[in-house]
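Undergrad: Sharing upload.txt here; it has compact mmCIF, C-alpha atoms.
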# COMPACT_ATOMS: atom_id res chain seq x y z
CA ILE A 21 0.00 0.00 0.00
CA ASP A 22 1.29 3.46 -0.91
CA LEU A 23 1.15 6.13 1.80
CA ALA A 24 1.59 9.88 1.57
CA ALA A 25 5.16 9.47 2.87
CA GLY A 26 6.17 7.07 0.08
CA LYS A 27 5.47 3.91 -1.90
CA ASN A 28 5.06 0.35 -0.58
CA LEU A 29 5.28 1.31 3.09
CA ALA A 30 2.44 -0.92 4.36
CA GLY A 31 1.14 -4.36 3.46
CA ALA A 32 1.47 -8.12 3.88
CA PHE A 33 3.05 -11.02 1.96
CA LEU A 34 0.98 -13.58 0.06
CA GLN A 35 3.00 -15.92 -2.15
CA PRO A 36 1.48 -17.24 -5.41
CA ALA A 37 0.76 -20.91 -6.00
CA ALA A 38 1.93 -20.57 -9.60
CA VAL A 39 3.00 -18.02 -12.21
CA LEU A 40 1.15 -18.03 -15.54
CA CYS A 41 2.50 -15.95 -18.42
CA ASP A 42 0.62 -15.70 -21.72
CA THR A 43 3.35 -14.11 -23.80
CA ASP A 44 1.09 -13.85 -26.86
CA CYS A 45 -0.89 -11.11 -25.10
CA LEU A 46 2.22 -8.92 -25.13
CA LYS A 47 1.67 -8.38 -28.84
CA SER A 48 -1.57 -6.54 -28.03
CA LEU A 49 0.03 -4.04 -25.64
CA PRO A 50 0.70 -0.41 -26.54
CA PRO A 51 4.46 0.33 -26.70
CA ASP A 52 4.45 2.37 -23.49
CA VAL A 53 2.82 -0.44 -21.51
CA PHE A 54 5.27 -3.00 -22.91
CA ALA A 55 8.12 -0.67 -21.93
CA ASP A 56 6.64 -0.33 -18.44
CA GLY A 57 7.03 -4.06 -17.88
CA ALA A 58 10.41 -4.24 -19.56
CA ALA A 59 12.10 -2.27 -16.77
CA GLU A 60 11.89 -5.10 -14.24
CA ALA A 61 13.24 -7.55 -16.83
CA ILE A 62 16.21 -5.28 -17.58
CA LYS A 63 16.85 -4.95 -13.84
CA THR A 64 16.85 -8.74 -13.48
CA GLY A 65 19.27 -9.07 -16.38
CA VAL A 66 21.74 -6.82 -14.56
CA LEU A 67 21.31 -8.81 -11.34
CA CYS A 68 21.43 -12.28 -12.85
CA ASP A 69 24.31 -13.00 -15.22
CA GLU A 70 26.03 -12.03 -18.47
CA SER A 71 23.97 -14.40 -20.64
CA LEU A 72 20.66 -12.84 -19.60
CA PHE A 73 22.08 -9.30 -19.74
CA ALA A 74 23.21 -9.98 -23.33
CA LEU A 75 19.63 -10.77 -24.40
CA PHE A 76 18.69 -7.12 -23.96
CA GLU A 77 21.59 -5.97 -26.11
CA ASP A 78 20.60 -8.18 -29.04
CA GLY A 79 16.89 -7.33 -28.92
CA THR A 80 15.60 -10.68 -27.63
CA LEU A 81 13.26 -8.96 -25.19
CA THR A 82 11.21 -7.64 -28.10
CA ALA A 83 11.74 -10.49 -30.58
CA ASP A 84 11.39 -13.48 -28.21
CA PRO A 85 10.11 -12.32 -24.81
CA ALA A 86 9.20 -15.85 -23.62
CA GLU A 87 12.81 -16.80 -22.92
CA VAL A 88 13.51 -13.55 -21.07
CA ILE A 89 10.32 -13.81 -19.01
CA ALA A 90 10.93 -17.44 -18.04
CA ARG A 91 14.44 -16.71 -16.85
CA CYS A 92 13.39 -13.58 -14.95
CA VAL A 93 10.52 -15.39 -13.21
CA ALA A 94 12.79 -18.30 -12.25
CA TYR A 95 15.43 -15.93 -10.87
CA LYS A 96 12.96 -13.92 -8.78
CA ALA A 97 11.18 -17.04 -7.52
CA GLY A 98 14.48 -18.47 -6.27
CA VAL A 99 15.34 -15.27 -4.41
CA VAL A 100 11.89 -15.00 -2.80
CA GLU A 101 11.87 -18.66 -1.73
CA ARG A 102 15.19 -18.20 0.04
CA ASP A 103 14.25 -14.90 1.72
CA GLU A 104 10.46 -14.52 1.89
CA LYS A 105 10.39 -11.69 4.46
CA GLU A 106 13.13 -9.58 2.84
CA GLN A 107 15.62 -9.95 5.67
CA ASN A 108 18.70 -10.15 3.46
CA GLU A 109 19.03 -11.52 -0.10
CA ARG A 110 15.62 -10.41 -1.32
CA ARG A 111 16.68 -6.78 -0.89
CA LEU A 112 18.72 -7.12 -4.08
CA LEU A 113 15.43 -7.11 -6.02
CA ASN A 114 15.07 -3.47 -4.94
CA LEU A 115 17.85 -2.44 -7.32
CA GLY A 116 16.74 0.82 -8.92
CA HIS A 117 13.76 1.24 -6.61
CA THR A 118 15.18 3.68 -4.04
CA VAL A 119 15.79 6.36 -6.67
CA GLY A 120 12.94 5.06 -8.83
CA HIS A 121 10.27 5.37 -6.16
CA ALA A 122 11.40 8.93 -5.42
CA ILE A 123 11.17 9.89 -9.10
CA GLU A 124 7.77 8.19 -9.37
CA SER A 125 6.40 9.97 -6.28
CA LEU A 126 7.68 13.34 -7.51
CA LEU A 127 6.42 13.07 -11.08
CA LEU A 128 3.01 11.68 -10.05
CA GLN A 129 2.37 15.07 -8.48
CA ARG A 130 2.56 16.58 -11.98
CA THR A 131 1.63 14.02 -14.60
CA PRO A 132 0.84 10.30 -14.86
CA ILE A 133 3.95 8.12 -14.96
CA LEU A 134 4.15 4.33 -15.16
CA HIS A 135 6.07 2.50 -12.44
CA GLY A 136 8.45 0.80 -14.86
CA TYR A 137 9.65 4.11 -16.24
CA ALA A 138 10.66 5.27 -12.77
CA VAL A 139 12.40 1.95 -12.00
CA ALA A 140 14.32 2.19 -15.26
CA TYR A 141 15.63 5.63 -14.34
CA GLY A 142 16.40 4.41 -10.83
CA LEU A 143 18.34 1.46 -12.23
CA VAL A 144 20.68 3.74 -14.16
CA ALA A 145 20.99 6.12 -11.20
CA GLU A 146 22.04 3.28 -8.87
CA LEU A 147 24.45 1.78 -11.39
CA TYR A 148 26.32 5.11 -11.39
CA PRO A 149 27.67 4.76 -7.80
CA SER A 150 28.22 1.09 -8.63
CA ALA A 151 30.65 2.27 -11.31
CA THR A 152 32.36 5.05 -9.35
CA ARG A 153 32.65 3.10 -6.10
CA LEU A 154 32.78 -0.61 -6.96
CA GLY A 155 34.10 -0.59 -10.51
CA PHE A 156 30.95 -1.63 -12.35
CA PRO A 157 32.15 -1.53 -15.98
CA ALA A 158 31.59 1.89 -17.56
CA ASP A 159 30.71 0.32 -20.92
CA LYS A 160 27.89 -1.69 -19.32
CA LEU A 161 26.61 1.41 -17.55
CA ARG A 162 26.56 3.29 -20.86
CA GLN A 163 24.96 0.31 -22.58
CA THR A 164 22.21 0.18 -19.97
CA LEU A 165 21.70 3.95 -20.18
CA HIS A 166 21.41 3.70 -23.99
CA TYR A 167 18.88 0.88 -23.73
CA ILE A 168 16.85 2.71 -21.09
CA ARG A 169 16.80 5.89 -23.17
CA GLN A 170 15.54 3.95 -26.20
CA TYR A 171 12.59 2.69 -24.18
CA TYR A 172 11.90 5.54 -21.80
CA GLY A 173 13.51 8.76 -23.02
CA THR A 174 14.78 11.29 -20.45
CA PRO A 175 13.04 11.85 -17.10
CA ALA A 176 11.24 15.19 -16.67
CA ILE A 177 13.29 16.34 -13.70
CA THR A 178 15.51 19.39 -13.17
CA CYS A 179 18.22 20.36 -10.71
CA ASP A 180 15.55 22.18 -8.71
CA ASP A 181 13.90 18.81 -8.04
CA TYR A 182 16.96 17.28 -6.37
CA PRO A 183 16.20 18.39 -2.77
CA GLN A 184 12.69 16.92 -2.92
CA LEU A 185 13.93 13.70 -4.55
CA LEU A 186 16.60 13.27 -1.88
CA ALA A 187 14.03 13.90 0.87
CA LEU A 188 11.82 11.18 -0.61
CA MET A 189 14.77 8.77 -0.74
CA HIS A 190 15.41 9.34 2.96
CA HIS A 191 11.88 8.00 3.64
CA ASP A 192 12.50 4.76 1.75
CA LYS A 193 11.61 1.62 3.72
CA LYS A 194 15.04 0.03 3.06
CA ASN A 195 16.94 2.73 4.91
CA THR A 196 18.52 2.44 8.34
CA GLY A 197 18.47 5.61 10.40
CA THR A 198 19.26 8.62 8.21
CA ASP A 199 21.31 6.67 5.65
CA ILE A 200 20.17 5.99 2.08
CA ASN A 201 20.62 2.25 1.44
CA VAL A 202 20.77 0.83 -2.09
CA THR A 203 21.92 -2.28 -3.93
CA LEU A 204 25.16 -1.83 -5.88
CA LEU A 205 27.03 -4.10 -8.29
CA SER A 206 30.70 -4.55 -9.07
CA ASP A 207 29.70 -6.30 -12.33
CA VAL A 208 26.65 -8.00 -13.83
CA GLY A 209 25.61 -10.63 -11.29
CA GLU A 210 28.09 -9.44 -8.64
CA ILE A 211 25.77 -7.89 -6.06
CA HIS A 212 26.38 -5.87 -2.88
CA ILE A 213 23.22 -5.16 -0.90
CA ASN A 214 22.70 -2.59 1.87
CA GLN A 215 25.28 -0.13 0.57
CA ILE A 216 25.10 3.41 1.95
CA VAL A 217 25.31 6.20 -0.63
CA GLY A 218 25.63 9.93 -0.10
CA GLU A 219 23.47 12.73 -1.44
CA GLU A 220 26.30 14.00 -3.66
CA GLU A 221 26.57 10.60 -5.36
CA ILE A 222 22.83 10.55 -5.96
CA SER A 223 22.91 14.08 -7.39
CA GLU A 224 25.68 13.08 -9.81
CA ALA A 225 23.64 10.04 -10.83
CA LEU A 226 20.62 12.26 -11.49
CA ASP A 227 22.84 14.46 -13.66
CA LEU A 228 23.71 11.36 -15.71
CA LEU A 229 20.03 10.59 -16.18
CA ARG A 230 19.25 14.10 -17.36
CA GLU A 231 22.32 14.78 -19.48
CA GLY A 232 23.56 11.34 -20.54
Rewrite the structure of this file - the entire thing - as structure tokens.

TA:
Amino acid sequence: IDLAAGKNLAGAFLQPAAVLCDTDCLKSLPPDVFADGAAEAIKTGVLCDESLFALFEDGTLTADPAEVIARCVAYKAGVVERDEKEQNERRLLNLGHTVGHAIESLLLQRTPILHGYAVAYGLVAELYPSATRLGFPADKLRQTLHYIRQYYGTPAITCDDYPQLLALMHHDKKNTGTDINVTLLSDVGEIHINQIVGEEEISEALDLLREG
């Protein structure tokens, strides 16, 4: 449940008995709705391994989504089974969501925005400190940024929005105390959860989103 203070701050867990995916229905979706769902798949590709990440580079997500979806569902199901209550490993699935939820909350005050768009921007923003701090390859960061821009364009934020975005990030449920906690990567599939990032790093990451 979303509260005035931020997204996903209240609720309970109910695990599914099965996951059914009719990939033929994807052909009927408008491009913006397809792109909305693509963000979580791209995020999973960064978290999982090089072979899944490569499928986004060669266009498989659009040409043959069934393979991408099956691998993403299997990856997420494994993580959730091992950490149902999000005590440790499951937090890696929040990659992109700390910055993404802040962007979503801000822009929803002005104009409708789909969740996947915000997550996509958040993914790039959180890969930036991954690159500067942990050595996430710059070419993969640029590749992800290029792919995100193809799908989602540039977020409608300005430098004047940074204070409000940072304030929203400080209210994120994953934080401890006054720190902003995110998931970072040293490479595709090499994950470091519960990493503290500073406001200056986030501001630089937002610059990358806006300016490329």

Undergrad: Compile the contact shell of Ile168 of chain A as a VMD selection string: residues with an atom at most 9 Å away, counting only C-alpha atoms, same-chain residues fewer than 4 positions apart removed.

TA: chain A and resid 59 62 137 140 to 141 144 163 to 164 172 to 174

Undergrad: Near Val208 of chain A, counting all atoms listed in the file, which residues have an atom at most 6 Å away, once you skip same-chain residues fewer than 6 positions from it, shown as a list in words?

TA: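 Listed by chain and then number, they are Val66, Leu67 and Asp69 of chain A.
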
Undergrad: Quote the spacing between atom CA of Thr118 of chain A and atom CA of Phe76 of chain A in Å to one decimal place.

TA: 22.9 Å

Undergrad: Could you state the separation of atom CA of Leu186 of chain A and atom CA of Asp159 of chain A in Å, given to one decimal place?

TA: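 These atoms are spaced 27.0 Å apart.
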
Undergrad: Extract, using only C-alpha atoms, all DNA, RNA and protein residues at most 12 Å from Thr152 of chain A, discarding same-chain residues fewer than 3 positions from it, and format them as a list in words.

TA: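 Everything that qualifies: Ala145, Glu146, Leu147, Tyr148, Pro149, Gly155, Phe156, Pro157, Ala158, Leu161, Leu204, Leu205, Ser206, Val217, Glu221, Ile222, Glu224 and Ala225 of chain A.
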
Undergrad: Counting all atoms listed in the file, which residue out of A:Ala32, A:Leu154, A:Met189, A:Ala90 sits closest to His117 of chain A?

TA: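 Ranking A:Ala32, A:Leu154, A:Met189, A:Ala90 by distance to His117 of chain A, first place goes to A:Met189.
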
Undergrad: Counting all atoms listed in the file, which residues of segment 24-44 of chain A fall within 9 Å of segment 193-197 of chain A, and what is the closest atom pair for each with its distance in Å at one decimal, ordered by chain and rising number, as a Markdown table?

TA:
| residue | atom | partner | partner_atom | distance |
| --- | --- | --- | --- | --- |
| A:Gly26 | CA | A:Lys193 | CA | 8.5 |
| A:Lys27 | CA | A:Lys193 | CA | 8.6 |
| A:Asn28 | CA | A:Lys193 | CA | 7.9 |
| A:Leu29 | CA | A:Lys193 | CA | 6.4 |

Undergrad: Determine the nearest neighbour of Leu143 of chain A from the options A:Gln184, A:Ser48, A:Thr131, A:Asn114, counting all atoms listed in the file.

TA: A:Asn114

Undergrad: Please, what distance in Å, to one decimal, runs between atom CA of Leu126 of chain A and atom CA of Leu185 of chain A?

TA: 6.9 Å

Undergrad: Pick from A:Pro85, A:Gly31, A:Gly136, A:Gly120: nearest to Ala55 of chain A, with all atoms listed in the file counted?

TA: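 Closest candidate: A:Gly136.
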
Undergrad: Residues within 9 Å of Gly232 of chain A, please, as a ChimeraX atom specification. Count all atoms listed in the file; anything in the same chain fewer than 5 positions from it doesn't count.

TA: /A:162,165-166,174,227

Undergrad: Taking all atoms listed in the file into account, name the residue in A:Glu77, A:Asp181, A:Glu70, A:Asp22 that is nearest to Ser223 of chain A.

TA: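 Ranking A:Glu77, A:Asp181, A:Glu70, A:Asp22 by distance to Ser223 of chain A, first place goes to A:Asp181.
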